[in-house]
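Student: Enclosed is the structure file my_file.txt (compact mmCIF, C-alpha atoms).
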```
# COMPACT_ATOMS: atom_id res chain seq x y z
CA MET L 1278 25.65 -8.19 5.25
CA THR L 1279 22.21 -8.82 3.71
CA PHE L 1280 19.63 -6.05 3.57
CA LYS L 1281 16.99 -6.53 6.27
CA LEU L 1282 13.48 -5.35 5.40
CA GLU L 1283 12.04 -3.47 8.35
CA GLY L 1284 9.40 -0.77 8.30
CA PRO L 1285 9.59 1.96 10.97
CA VAL L 1286 6.62 4.07 12.06
CA LEU L 1287 5.89 6.66 9.34
CA GLU L 1288 3.99 9.73 10.53
CA GLY L 1289 1.89 12.05 8.39
CA ALA L 1290 -0.77 14.71 8.89
CA LEU L 1291 -3.67 12.43 7.96
CA VAL L 1292 -2.32 8.92 8.49
CA ARG L 1293 0.25 7.19 10.67
CA LEU L 1294 1.69 3.93 9.37
CA GLU L 1295 2.39 1.60 12.29
CA PRO L 1296 4.00 -1.83 11.97
CA LEU L 1297 1.09 -4.29 11.90
CA ASP L 1298 0.43 -5.84 15.30
CA PRO L 1299 -2.30 -7.93 16.97
CA CYS L 1300 -3.31 -4.76 18.84
CA HIS L 1301 -4.81 -3.55 15.53
CA THR L 1302 -7.20 -6.52 15.33
CA GLU L 1303 -10.30 -4.88 16.80
CA ASP L 1304 -10.05 -1.70 14.71
CA LEU L 1305 -9.34 -3.57 11.47
CA ALA L 1306 -12.27 -5.91 12.09
CA VAL L 1307 -14.55 -2.86 12.22
CA ALA L 1308 -12.90 -1.25 9.17
CA ALA L 1309 -13.20 -4.42 7.10
CA GLU L 1310 -16.95 -4.62 7.63
CA GLU L 1311 -17.82 -1.19 6.27
CA ASP L 1312 -19.23 -1.03 2.73
CA ARG L 1313 -17.28 -3.74 0.90
CA GLY L 1314 -18.44 -2.77 -2.57
CA SER L 1315 -14.98 -1.54 -3.64
CA TYR L 1316 -13.26 -4.84 -2.80
CA ALA L 1317 -14.36 -6.79 -5.89
CA PHE L 1318 -10.80 -7.66 -6.98
CA THR L 1319 -9.00 -7.21 -3.65
CA TRP L 1320 -9.02 -9.73 -0.82
CA VAL L 1321 -9.93 -8.00 2.43
CA PRO L 1322 -10.52 -10.18 5.50
CA ARG L 1323 -13.92 -10.38 7.12
CA ALA L 1324 -14.10 -9.33 10.76
CA ASP L 1325 -13.67 -12.88 12.06
CA GLU L 1326 -10.66 -13.42 9.77
CA VAL L 1327 -8.62 -10.39 10.82
CA GLY L 1328 -6.69 -12.21 13.55
CA GLN L 1329 -5.61 -14.90 11.11
CA TYR L 1330 -4.85 -12.25 8.50
CA ILE L 1331 -2.49 -10.44 10.89
CA ASP L 1332 -0.82 -13.71 11.88
CA ALA L 1333 -0.26 -14.57 8.21
CA GLN L 1334 1.22 -11.15 7.45
CA LEU L 1335 3.55 -11.38 10.44
CA ALA L 1336 4.63 -14.85 9.30
CA ARG L 1337 5.48 -13.40 5.89
CA ALA L 1338 7.36 -10.59 7.64
CA ALA L 1339 9.46 -13.16 9.47
CA THR L 1340 10.80 -14.38 6.10
CA GLY L 1341 12.22 -10.91 5.40
CA LYS L 1342 10.07 -10.36 2.32
CA LEU L 1343 7.29 -8.24 3.80
CA ALA L 1344 7.01 -5.23 6.11
CA PRO L 1345 3.29 -4.91 6.91
CA TYR L 1346 1.62 -1.78 8.26
CA ALA L 1347 -1.67 -0.76 9.79
CA GLN L 1348 -2.95 2.53 8.39
CA VAL L 1349 -4.05 4.57 11.41
CA SER L 1350 -6.20 7.67 11.04
CA VAL L 1351 -4.54 10.59 12.82
CA ALA L 1352 -7.96 12.18 13.41
CA SER L 1353 -9.52 9.17 15.14
CA GLY L 1354 -6.50 7.18 16.31
CA ARG L 1355 -8.09 4.03 14.87
CA ALA L 1356 -6.64 1.59 12.36
CA ILE L 1357 -8.64 1.96 9.14
CA GLY L 1358 -6.71 -0.29 6.73
CA ALA L 1359 -3.42 -1.94 5.91
CA THR L 1360 -0.54 -1.74 3.46
CA SER L 1361 2.96 -3.18 3.09
CA PHE L 1362 6.40 -2.99 1.64
CA TRP L 1363 7.15 -6.31 0.00
CA GLU L 1364 9.17 -8.15 -2.68
CA PRO L 1365 12.52 -6.49 -1.87
CA ARG L 1366 15.06 -6.98 -4.65
CA SER L 1367 18.82 -6.52 -4.44
CA TRP L 1368 20.55 -6.99 -7.77
CA ARG L 1369 23.93 -5.34 -7.32
CA THR L 1370 24.95 -6.09 -3.73
CA ASP L 1371 23.21 -7.95 -0.92
CA ASP L 1372 23.24 -4.95 1.41
CA GLN L 1373 21.74 -2.44 -1.07
CA LEU L 1374 18.02 -2.52 -1.84
CA ASP L 1375 17.44 -1.79 -5.53
CA ALA L 1376 13.66 -2.15 -5.77
CA ILE L 1377 10.62 -2.69 -3.56
CA GLU L 1378 6.90 -3.15 -4.13
CA VAL L 1379 4.09 -1.46 -2.24
CA GLY L 1380 1.10 -3.75 -1.96
CA PHE L 1381 -1.38 -5.64 0.24
CA THR L 1382 -3.22 -2.31 0.48
CA TRP L 1383 -6.82 -1.78 1.56
CA LEU L 1384 -8.80 0.94 3.29
CA ALA L 1385 -12.16 1.09 5.00
CA SER L 1386 -14.83 2.58 2.77
CA SER L 1387 -15.07 5.73 4.90
CA ALA L 1388 -11.31 6.37 4.50
CA GLN L 1389 -11.33 6.13 0.71
CA GLY L 1390 -11.15 9.43 -1.16
CA THR L 1391 -10.01 11.34 1.94
CA GLY L 1392 -6.35 11.83 1.06
CA ILE L 1393 -5.21 9.04 3.36
CA ASN L 1394 -4.17 6.78 0.48
CA ALA L 1395 -2.19 9.58 -1.15
CA GLU L 1396 -0.35 10.41 2.07
CA ALA L 1397 0.33 6.75 2.87
CA LYS L 1398 1.92 6.37 -0.57
CA LEU L 1399 3.92 9.57 -0.03
CA LEU L 1400 5.27 8.20 3.27
CA LEU L 1401 6.12 4.80 1.79
CA PHE L 1402 7.67 6.14 -1.41
CA ARG L 1403 9.70 8.75 0.48
CA HIS L 1404 11.12 6.15 2.85
CA ALA L 1405 11.96 3.79 0.00
CA PHE L 1406 13.69 6.39 -2.17
CA GLU L 1407 15.28 8.62 0.46
CA GLU L 1408 16.16 6.19 3.26
CA TRP L 1409 16.74 2.95 1.38
CA GLY L 1410 17.92 4.52 -1.86
CA VAL L 1411 15.93 2.27 -4.17
CA ALA L 1412 16.00 2.68 -7.94
CA ARG L 1413 12.28 1.93 -8.31
CA VAL L 1414 9.07 1.31 -6.42
CA ASP L 1415 6.45 -0.78 -8.13
CA LEU L 1416 2.76 -1.46 -7.61
CA LYS L 1417 0.45 -3.94 -9.29
CA THR L 1418 -3.22 -4.78 -9.33
CA ASP L 1419 -5.71 -6.99 -11.13
CA ALA L 1420 -5.86 -5.64 -14.69
CA ARG L 1421 -9.68 -5.59 -14.42
CA ASN L 1422 -9.64 -3.37 -11.33
CA ALA L 1423 -10.32 0.06 -12.85
CA ARG L 1424 -10.74 1.70 -9.43
CA SER L 1425 -7.37 0.48 -8.16
CA ARG L 1426 -5.63 1.33 -11.42
CA ALA L 1427 -6.97 4.89 -11.28
CA ALA L 1428 -5.78 5.25 -7.66
CA ILE L 1429 -2.30 3.97 -8.53
CA ALA L 1430 -2.02 6.31 -11.51
CA GLY L 1431 -3.33 9.11 -9.30
CA VAL L 1432 -0.33 8.88 -6.95
CA GLY L 1433 2.05 9.30 -9.89
CA ALA L 1434 2.97 5.75 -10.83
CA ARG L 1435 3.58 5.05 -14.52
CA PHE L 1436 1.78 2.19 -16.27
CA GLU L 1437 4.28 -0.33 -17.67
CA GLY L 1438 2.01 -3.01 -19.07
CA VAL L 1439 -0.02 -6.10 -18.26
CA LEU L 1440 1.59 -9.39 -17.27
CA ARG L 1441 -0.73 -12.22 -18.25
CA ASN L 1442 -1.53 -15.04 -15.80
CA TRP L 1443 0.90 -13.35 -13.42
CA SER L 1444 -0.55 -14.31 -10.04
CA ARG L 1445 -3.53 -15.83 -8.30
CA SER L 1446 -6.85 -14.04 -8.51
CA TRP L 1447 -8.26 -12.52 -5.34
CA ALA L 1448 -11.71 -11.93 -6.84
CA PRO L 1449 -14.56 -13.78 -5.06
CA GLY L 1450 -15.23 -17.19 -6.58
CA GLU L 1451 -11.90 -17.26 -8.45
CA ASP L 1452 -9.76 -19.20 -6.00
CA ASP L 1453 -8.59 -21.58 -8.72
CA ARG L 1454 -7.86 -18.91 -11.34
CA LEU L 1455 -4.87 -16.77 -12.29
CA ARG L 1456 -5.19 -13.09 -13.01
CA ASP L 1457 -3.56 -10.66 -15.40
CA SER L 1458 -1.67 -8.01 -13.41
CA ALA L 1459 -1.30 -4.36 -14.42
CA ILE L 1460 2.18 -3.14 -13.43
CA TYR L 1461 3.06 0.44 -12.45
CA SER L 1462 6.23 2.04 -11.14
CA ILE L 1463 8.01 5.18 -10.03
CA THR L 1464 11.77 5.43 -10.58
CA ALA L 1465 14.34 7.36 -8.58
CA GLY L 1466 14.72 9.90 -11.38
CA GLU L 1467 10.98 10.60 -11.36
CA TRP L 1468 10.65 10.78 -7.60
CA PRO L 1469 11.39 14.51 -6.96
CA GLU L 1470 8.55 15.59 -9.28
CA ARG L 1471 6.17 12.92 -7.95
CA ARG L 1472 7.00 13.87 -4.38
CA LYS L 1473 6.20 17.54 -5.03
CA LYS L 1474 2.81 16.72 -6.52
CA LEU L 1475 1.91 14.29 -3.74
CA GLU L 1476 2.93 16.78 -1.06
CA GLU L 1477 0.75 19.45 -2.68
CA ARG L 1478 -2.19 17.06 -2.90
CA VAL L 1479 -1.86 15.97 0.72
CA ALA L 1480 -1.44 19.57 1.91
CA ARG L 1481 -4.73 20.51 0.26
CA ARG L 1482 -6.49 17.61 1.98
CA ALA L 1483 -4.91 18.31 5.36
CA GLY L 1484 -5.71 22.03 5.05
CA ALA L 1485 -9.33 21.32 4.16
CA ARG L 1486 -9.67 19.07 7.21
CA ALA L 1487 -8.12 21.67 9.50
CA THR L 1488 -10.32 24.55 8.27
CA PRO L 1489 -13.42 24.95 10.47
CA THR L 1490 -16.81 25.24 8.86
CA VAL L 1491 -18.24 28.76 9.14
CA LEU L 1492 -21.99 28.89 9.59
CA SER L 1493 -23.83 31.94 8.36
```
In structure tokens, write the structure found in this file.

Tutor:
Amino acid sequence: MTFKLEGPVLEGALVRLEPLDPCHTEDLAVAAEEDRGSYAFTWVPRADEVGQYIDAQLARAATGKLAPYAQVSVASGRAIGATSFWEPRSWRTDDQLDAIEVGFTWLASSAQGTGINAEAKLLLFRHAFEEWGVARVDLKTDARNARSRAAIAGVGARFEGVLRNWSRSWAPGEDDRLRDSAIYSITAGEWPERRKKLEERVARRAGARATPTVLS
């Protein structure tokens, strides 16, 4: 038997990760057209490209190398971004997943800094380590992307180094260029501590959202 990469619905207090579907097109088109200033090194589709973007992600999913998600705000019920499991690696046996990457991640500007990214990572990491039993989860970003690198470090991933000319650049105007990629990871041995810190961080965010404002 060969391991089959499939991503179930993952439910949190702030965000619900739903397998990406054409039904998310309208919401993601709106999300993608909010302030795009944070997307300098990340390719995020324009509104009129979202349908093609979803089709491309589903085509990748059909190869067994990607499990794409829509990030859905629990508060609004609307899709406000996307993320994925991808690059599954099995080194010891075909039916045991040893490592997975979390990538293809973006959020609408209004969802950034709200705790949604932290909880989405908690849900993805927890599933990878505790359901699939992976030895490591890795994440990578353009080495120039200070904002993304800070966010990755902020969810507990450890910086491993920069791989030069590692993949294509997604920065505007750099279609013909390769980028240096900063690599981060969390290992199975580190996961219990990282999980505790992420759960505490998400609980603070969820509690702050649930607490009503008292006017005096």

Student: Using 9 Å as the limit and counting only C-alpha atoms, can you tabulate each residue of segment 1411-1479 of chain L that touches segment 1390-1405 of chain L, with its shortest atom-to-atom distance in Å and the two atoms involved, as JSON lines?

Tutor:
```
{"residue": "L:Val1411", "atom": "CA", "partner": "L:Ala1405", "partner_atom": "CA", "distance": 6.0}
{"residue": "L:Ala1412", "atom": "CA", "partner": "L:Ala1405", "partner_atom": "CA", "distance": 9.0}
{"residue": "L:Arg1413", "atom": "CA", "partner": "L:Ala1405", "partner_atom": "CA", "distance": 8.5}
{"residue": "L:Val1414", "atom": "CA", "partner": "L:Phe1402", "partner_atom": "CA", "distance": 7.1}
{"residue": "L:Ala1428", "atom": "CA", "partner": "L:Asn1394", "partner_atom": "CA", "distance": 8.4}
{"residue": "L:Gly1431", "atom": "CA", "partner": "L:Ala1395", "partner_atom": "CA", "distance": 8.2}
{"residue": "L:Val1432", "atom": "CA", "partner": "L:Ala1395", "partner_atom": "CA", "distance": 6.1}
{"residue": "L:Ile1463", "atom": "CA", "partner": "L:Phe1402", "partner_atom": "CA", "distance": 8.7}
{"residue": "L:Trp1468", "atom": "CA", "partner": "L:Phe1402", "partner_atom": "CA", "distance": 8.3}
{"residue": "L:Arg1471", "atom": "CA", "partner": "L:Leu1399", "partner_atom": "CA", "distance": 8.9}
{"residue": "L:Arg1472", "atom": "CA", "partner": "L:Leu1399", "partner_atom": "CA", "distance": 6.8}
{"residue": "L:Leu1475", "atom": "CA", "partner": "L:Leu1399", "partner_atom": "CA", "distance": 6.3}
{"residue": "L:Glu1476", "atom": "CA", "partner": "L:Leu1399", "partner_atom": "CA", "distance": 7.4}
{"residue": "L:Arg1478", "atom": "CA", "partner": "L:Ala1395", "partner_atom": "CA", "distance": 7.7}
{"residue": "L:Val1479", "atom": "CA", "partner": "L:Glu1396", "partner_atom": "CA", "distance": 5.9}
```

Student: Would you mind exporting the chosen residues as a PDB file, keeping the file's coordinate frame, restricted to C-alpha atoms?

Tutor:
```
ATOM      1  CA  VAL L1411      15.930   2.270  -4.170  1.00  0.00           C
ATOM      2  CA  ALA L1412      16.000   2.680  -7.940  1.00  0.00           C
ATOM      3  CA  ARG L1413      12.280   1.930  -8.310  1.00  0.00           C
ATOM      4  CA  VAL L1414       9.070   1.310  -6.420  1.00  0.00           C
ATOM      5  CA  ALA L1428      -5.780   5.250  -7.660  1.00  0.00           C
ATOM      6  CA  GLY L1431      -3.330   9.110  -9.300  1.00  0.00           C
ATOM      7  CA  VAL L1432      -0.330   8.880  -6.950  1.00  0.00           C
ATOM      8  CA  ILE L1463       8.010   5.180 -10.030  1.00  0.00           C
ATOM      9  CA  TRP L1468      10.650  10.780  -7.600  1.00  0.00           C
ATOM     10  CA  ARG L1471       6.170  12.920  -7.950  1.00  0.00           C
ATOM     11  CA  ARG L1472       7.000  13.870  -4.380  1.00  0.00           C
ATOM     12  CA  LEU L1475       1.910  14.290  -3.740  1.00  0.00           C
ATOM     13  CA  GLU L1476       2.930  16.780  -1.060  1.00  0.00           C
ATOM     14  CA  ARG L1478      -2.190  17.060  -2.900  1.00  0.00           C
ATOM     15  CA  VAL L1479      -1.860  15.970   0.720  1.00  0.00           C
TER      16      VAL L1479
END
```

Student: So what do you get for atom CA of Phe1406 of chain L versus atom CA of Glu1378 of chain L, distance-wise?

Tutor: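 Computed distance, atom CA of Phe1406 of chain L to atom CA of Glu1378 of chain L, equals 11.9 Å.
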
Student: What does the structure give for the distance between atom CA of Gln1329 of chain L and atom CA of Thr1360 of chain L, in Å to one decimal?

Tutor: 16.0 Å

Student: Determine, counting all atoms listed in the file, which protein, DNA and RNA residues have an atom within 12 Å of an atom of Ser1353 of chain L; residues of the same chain fewer than 2 positions away are not included. Present the result as a count of residues only.

Tutor: 12

Student: Please provide as number ranges by chain all residues within 8 Å of Phe1280 of chain L, with the sequence filter that same-chain residues fewer than 6 positions apart are discarded (counting all atoms listed in the file).

Tutor: L: 1371-1374

Student: Do you have the atom CA of Glu1326 of chain L-atom CA of Gly1289 of chain L distance handy?

Tutor: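 Distance reported for this atom pair: 28.4 Å.
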
Student: So that I can check the surroundings of Ala1306 of chain L, please list as a VMD selection string every protein, DNA and RNA residue that reaches within 7 Å of it, counting only C-alpha atoms and ignoring chain neighbours fewer than 5 positions away.

Tutor: chain L and resid 1323 to 1324 1327

Student: Name the closest residue to Leu1287 of chain L among the candidates L:Ser1444, L:Ala1347, L:Ala1483, L:Leu1416; distances are taken between atoms, counting all atoms listed in the file.

Tutor: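 Closest to Leu1287 of chain L of all the choices is L:Ala1347.
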
Student: Can you list, as a PyMOL selection string, every protein, DNA or RNA residue that comes within 10 Å of Gly1438 of chain L when you count only C-alpha atoms, leaving out same-chain residues fewer than 3 positions away?

Tutor: chain L and resi 1417+1420+1435+1441+1458-1461

Student: Identify, on the basis of only C-alpha atoms, every residue whose closest approach to Arg1454 of chain L does not exceed 12 Å; exclude the query and any residue fewer than 5 positions from it along the same chain; express the result as JSON, numbers by chain.

Tutor: {"L": [1441, 1442, 1443, 1444, 1445, 1446, 1447, 1448, 1449]}

Student: Looking at all atoms listed in the file, which of L:Ile1377, L:Leu1305, L:Leu1294, L:Ala1317 is the one that sits closest to Pro1345 of chain L?

Tutor: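 Smallest distance to Pro1345 of chain L is found for L:Leu1294.
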
Student: Output: segment 1400-1444 of chain L of the preceding structure, restricted to N, CA and C atoms, written as a PDB file, in the first residue's frame.

Tutor:
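And here's out.pdb as it stands now:
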```
ATOM      1  N   LEU L1400      -3.482  23.361  13.673  1.00  0.00           N
ATOM      2  CA  LEU L1400      -4.327  22.290  13.131  1.00  0.00           C
ATOM      3  C   LEU L1400      -3.550  21.406  12.163  1.00  0.00           C
ATOM      4  N   LEU L1401      -2.777  22.026  11.278  1.00  0.00           N
ATOM      5  CA  LEU L1401      -2.015  21.269  10.283  1.00  0.00           C
ATOM      6  C   LEU L1401      -0.908  20.457  10.943  1.00  0.00           C
ATOM      7  N   PHE L1402      -0.143  21.094  11.832  1.00  0.00           N
ATOM      8  CA  PHE L1402       0.950  20.391  12.501  1.00  0.00           C
ATOM      9  C   PHE L1402       0.404  19.227  13.332  1.00  0.00           C
ATOM     10  N   ARG L1403      -0.676  19.479  14.066  1.00  0.00           N
ATOM     11  CA  ARG L1403      -1.238  18.439  14.926  1.00  0.00           C
ATOM     12  C   ARG L1403      -1.678  17.234  14.106  1.00  0.00           C
ATOM     13  N   HIS L1404      -2.319  17.490  12.975  1.00  0.00           N
ATOM     14  CA  HIS L1404      -2.748  16.371  12.134  1.00  0.00           C
ATOM     15  C   HIS L1404      -1.535  15.607  11.600  1.00  0.00           C
ATOM     16  N   ALA L1405      -0.519  16.338  11.158  1.00  0.00           N
ATOM     17  CA  ALA L1405       0.655  15.682  10.584  1.00  0.00           C
ATOM     18  C   ALA L1405       1.384  14.820  11.619  1.00  0.00           C
ATOM     19  N   PHE L1406       1.607  15.372  12.806  1.00  0.00           N
ATOM     20  CA  PHE L1406       2.356  14.635  13.818  1.00  0.00           C
ATOM     21  C   PHE L1406       1.527  13.550  14.503  1.00  0.00           C
ATOM     22  N   GLU L1407       0.258  13.851  14.798  1.00  0.00           N
ATOM     23  CA  GLU L1407      -0.518  12.955  15.657  1.00  0.00           C
ATOM     24  C   GLU L1407      -1.412  11.983  14.902  1.00  0.00           C
ATOM     25  N   GLU L1408      -1.762  12.297  13.668  1.00  0.00           N
ATOM     26  CA  GLU L1408      -2.555  11.370  12.854  1.00  0.00           C
ATOM     27  C   GLU L1408      -1.691  10.616  11.848  1.00  0.00           C
ATOM     28  N   TRP L1409      -0.780  11.331  11.204  1.00  0.00           N
ATOM     29  CA  TRP L1409       0.084  10.689  10.214  1.00  0.00           C
ATOM     30  C   TRP L1409       1.392  10.170  10.802  1.00  0.00           C
ATOM     31  N   GLY L1410       1.780  10.687  11.965  1.00  0.00           N
ATOM     32  CA  GLY L1410       2.994  10.209  12.601  1.00  0.00           C
ATOM     33  C   GLY L1410       4.275  10.616  11.897  1.00  0.00           C
ATOM     34  N   VAL L1411       4.308  11.810  11.336  1.00  0.00           N
ATOM     35  CA  VAL L1411       5.501  12.237  10.612  1.00  0.00           C
ATOM     36  C   VAL L1411       6.647  12.523  11.579  1.00  0.00           C
ATOM     37  N   ALA L1412       7.864  12.467  11.039  1.00  0.00           N
ATOM     38  CA  ALA L1412       9.059  12.785  11.820  1.00  0.00           C
ATOM     39  C   ALA L1412       9.372  14.278  11.771  1.00  0.00           C
ATOM     40  N   ARG L1413       8.897  14.964  10.727  1.00  0.00           N
ATOM     41  CA  ARG L1413       9.141  16.399  10.608  1.00  0.00           C
ATOM     42  C   ARG L1413       8.102  17.042   9.711  1.00  0.00           C
ATOM     43  N   VAL L1414       7.853  18.318   9.992  1.00  0.00           N
ATOM     44  CA  VAL L1414       7.072  19.184   9.110  1.00  0.00           C
ATOM     45  C   VAL L1414       7.991  20.326   8.731  1.00  0.00           C
ATOM     46  N   ASP L1415       8.045  20.644   7.453  1.00  0.00           N
ATOM     47  CA  ASP L1415       8.890  21.766   7.058  1.00  0.00           C
ATOM     48  C   ASP L1415       8.104  22.841   6.325  1.00  0.00           C
ATOM     49  N   LEU L1416       8.681  24.044   6.369  1.00  0.00           N
ATOM     50  CA  LEU L1416       8.111  25.218   5.727  1.00  0.00           C
ATOM     51  C   LEU L1416       9.257  25.968   5.075  1.00  0.00           C
ATOM     52  N   LYS L1417       8.974  26.626   3.954  1.00  0.00           N
ATOM     53  CA  LYS L1417      10.024  27.432   3.337  1.00  0.00           C
ATOM     54  C   LYS L1417       9.413  28.679   2.717  1.00  0.00           C
ATOM     55  N   THR L1418      10.273  29.683   2.545  1.00  0.00           N
ATOM     56  CA  THR L1418       9.822  30.943   1.973  1.00  0.00           C
ATOM     57  C   THR L1418      11.001  31.608   1.281  1.00  0.00           C
ATOM     58  N   ASP L1419      10.710  32.597   0.467  1.00  0.00           N
ATOM     59  CA  ASP L1419      11.766  33.389  -0.155  1.00  0.00           C
ATOM     60  C   ASP L1419      12.646  33.966   0.956  1.00  0.00           C
ATOM     61  N   ALA L1420      13.959  33.785   0.828  1.00  0.00           N
ATOM     62  CA  ALA L1420      14.881  34.233   1.881  1.00  0.00           C
ATOM     63  C   ALA L1420      14.780  35.736   2.122  1.00  0.00           C
ATOM     64  N   ARG L1421      14.291  36.505   1.150  1.00  0.00           N
ATOM     65  CA  ARG L1421      14.150  37.952   1.289  1.00  0.00           C
ATOM     66  C   ARG L1421      12.879  38.356   2.024  1.00  0.00           C
ATOM     67  N   ASN L1422      11.979  37.403   2.245  1.00  0.00           N
ATOM     68  CA  ASN L1422      10.660  37.708   2.778  1.00  0.00           C
ATOM     69  C   ASN L1422      10.697  37.753   4.306  1.00  0.00           C
ATOM     70  N   ALA L1423      11.095  38.891   4.855  1.00  0.00           N
ATOM     71  CA  ALA L1423      11.249  39.025   6.306  1.00  0.00           C
ATOM     72  C   ALA L1423       9.927  38.808   7.039  1.00  0.00           C
ATOM     73  N   ARG L1424       8.828  39.268   6.461  1.00  0.00           N
ATOM     74  CA  ARG L1424       7.518  39.126   7.099  1.00  0.00           C
ATOM     75  C   ARG L1424       7.144  37.652   7.230  1.00  0.00           C
ATOM     76  N   SER L1425       7.306  36.900   6.147  1.00  0.00           N
ATOM     77  CA  SER L1425       6.972  35.480   6.170  1.00  0.00           C
ATOM     78  C   SER L1425       7.903  34.712   7.097  1.00  0.00           C
ATOM     79  N   ARG L1426       9.180  35.049   7.082  1.00  0.00           N
ATOM     80  CA  ARG L1426      10.131  34.363   7.947  1.00  0.00           C
ATOM     81  C   ARG L1426       9.799  34.591   9.416  1.00  0.00           C
ATOM     82  N   ALA L1427       9.391  35.804   9.768  1.00  0.00           N
ATOM     83  CA  ALA L1427       9.011  36.094  11.150  1.00  0.00           C
ATOM     84  C   ALA L1427       7.767  35.297  11.547  1.00  0.00           C
ATOM     85  N   ALA L1428       6.806  35.176  10.621  1.00  0.00           N
ATOM     86  CA  ALA L1428       5.581  34.428  10.914  1.00  0.00           C
ATOM     87  C   ALA L1428       5.880  32.945  11.101  1.00  0.00           C
ATOM     88  N   ILE L1429       6.773  32.406  10.275  1.00  0.00           N
ATOM     89  CA  ILE L1429       7.133  30.984  10.393  1.00  0.00           C
ATOM     90  C   ILE L1429       7.860  30.730  11.715  1.00  0.00           C
ATOM     91  N   ALA L1430       8.807  31.590  12.042  1.00  0.00           N
ATOM     92  CA  ALA L1430       9.505  31.452  13.323  1.00  0.00           C
ATOM     93  C   ALA L1430       8.527  31.609  14.486  1.00  0.00           C
ATOM     94  N   GLY L1431       7.526  32.465  14.303  1.00  0.00           N
ATOM     95  CA  GLY L1431       6.564  32.739  15.359  1.00  0.00           C
ATOM     96  C   GLY L1431       5.673  31.561  15.710  1.00  0.00           C
ATOM     97  N   VAL L1432       5.508  30.601  14.780  1.00  0.00           N
ATOM     98  CA  VAL L1432       4.710  29.413  15.095  1.00  0.00           C
ATOM     99  C   VAL L1432       5.596  28.271  15.584  1.00  0.00           C
ATOM    100  N   GLY L1433       6.874  28.560  15.853  1.00  0.00           N
ATOM    101  CA  GLY L1433       7.738  27.578  16.492  1.00  0.00           C
ATOM    102  C   GLY L1433       8.657  26.797  15.592  1.00  0.00           C
ATOM    103  N   ALA L1434       8.692  27.126  14.298  1.00  0.00           N
ATOM    104  CA  ALA L1434       9.571  26.382  13.401  1.00  0.00           C
ATOM    105  C   ALA L1434      11.015  26.864  13.533  1.00  0.00           C
ATOM    106  N   ARG L1435      11.942  25.957  13.426  1.00  0.00           N
ATOM    107  CA  ARG L1435      13.366  26.255  13.608  1.00  0.00           C
ATOM    108  C   ARG L1435      14.033  26.506  12.259  1.00  0.00           C
ATOM    109  N   PHE L1436      14.792  27.586  12.170  1.00  0.00           N
ATOM    110  CA  PHE L1436      15.507  27.936  10.943  1.00  0.00           C
ATOM    111  C   PHE L1436      16.646  26.945  10.719  1.00  0.00           C
ATOM    112  N   GLU L1437      16.713  26.383   9.514  1.00  0.00           N
ATOM    113  CA  GLU L1437      17.735  25.391   9.191  1.00  0.00           C
ATOM    114  C   GLU L1437      18.789  25.911   8.219  1.00  0.00           C
ATOM    115  N   GLY L1438      18.476  26.974   7.495  1.00  0.00           N
ATOM    116  CA  GLY L1438      19.441  27.500   6.553  1.00  0.00           C
ATOM    117  C   GLY L1438      18.783  27.989   5.280  1.00  0.00           C
ATOM    118  N   VAL L1439      19.600  28.480   4.366  1.00  0.00           N
ATOM    119  CA  VAL L1439      19.129  28.994   3.085  1.00  0.00           C
ATOM    120  C   VAL L1439      19.668  28.114   1.965  1.00  0.00           C
ATOM    121  N   LEU L1440      18.764  27.646   1.122  1.00  0.00           N
ATOM    122  CA  LEU L1440      19.131  26.860  -0.055  1.00  0.00           C
ATOM    123  C   LEU L1440      19.144  27.801  -1.260  1.00  0.00           C
ATOM    124  N   ARG L1441      20.287  27.949  -1.863  1.00  0.00           N
ATOM    125  CA  ARG L1441      20.452  28.938  -2.927  1.00  0.00           C
ATOM    126  C   ARG L1441      19.900  28.425  -4.253  1.00  0.00           C
ATOM    127  N   ASN L1442      19.247  29.356  -5.000  1.00  0.00           N
ATOM    128  CA  ASN L1442      18.650  29.003  -6.296  1.00  0.00           C
ATOM    129  C   ASN L1442      17.782  27.747  -6.183  1.00  0.00           C
ATOM    130  N   TRP L1443      16.970  27.698  -5.129  1.00  0.00           N
ATOM    131  CA  TRP L1443      16.247  26.473  -4.797  1.00  0.00           C
ATOM    132  C   TRP L1443      14.969  26.285  -5.621  1.00  0.00           C
ATOM    133  N   SER L1444      14.286  27.392  -5.929  1.00  0.00           N
ATOM    134  CA  SER L1444      13.030  27.262  -6.668  1.00  0.00           C
ATOM    135  C   SER L1444      12.740  28.558  -7.416  1.00  0.00           C
TER     136      SER L1444
END
```
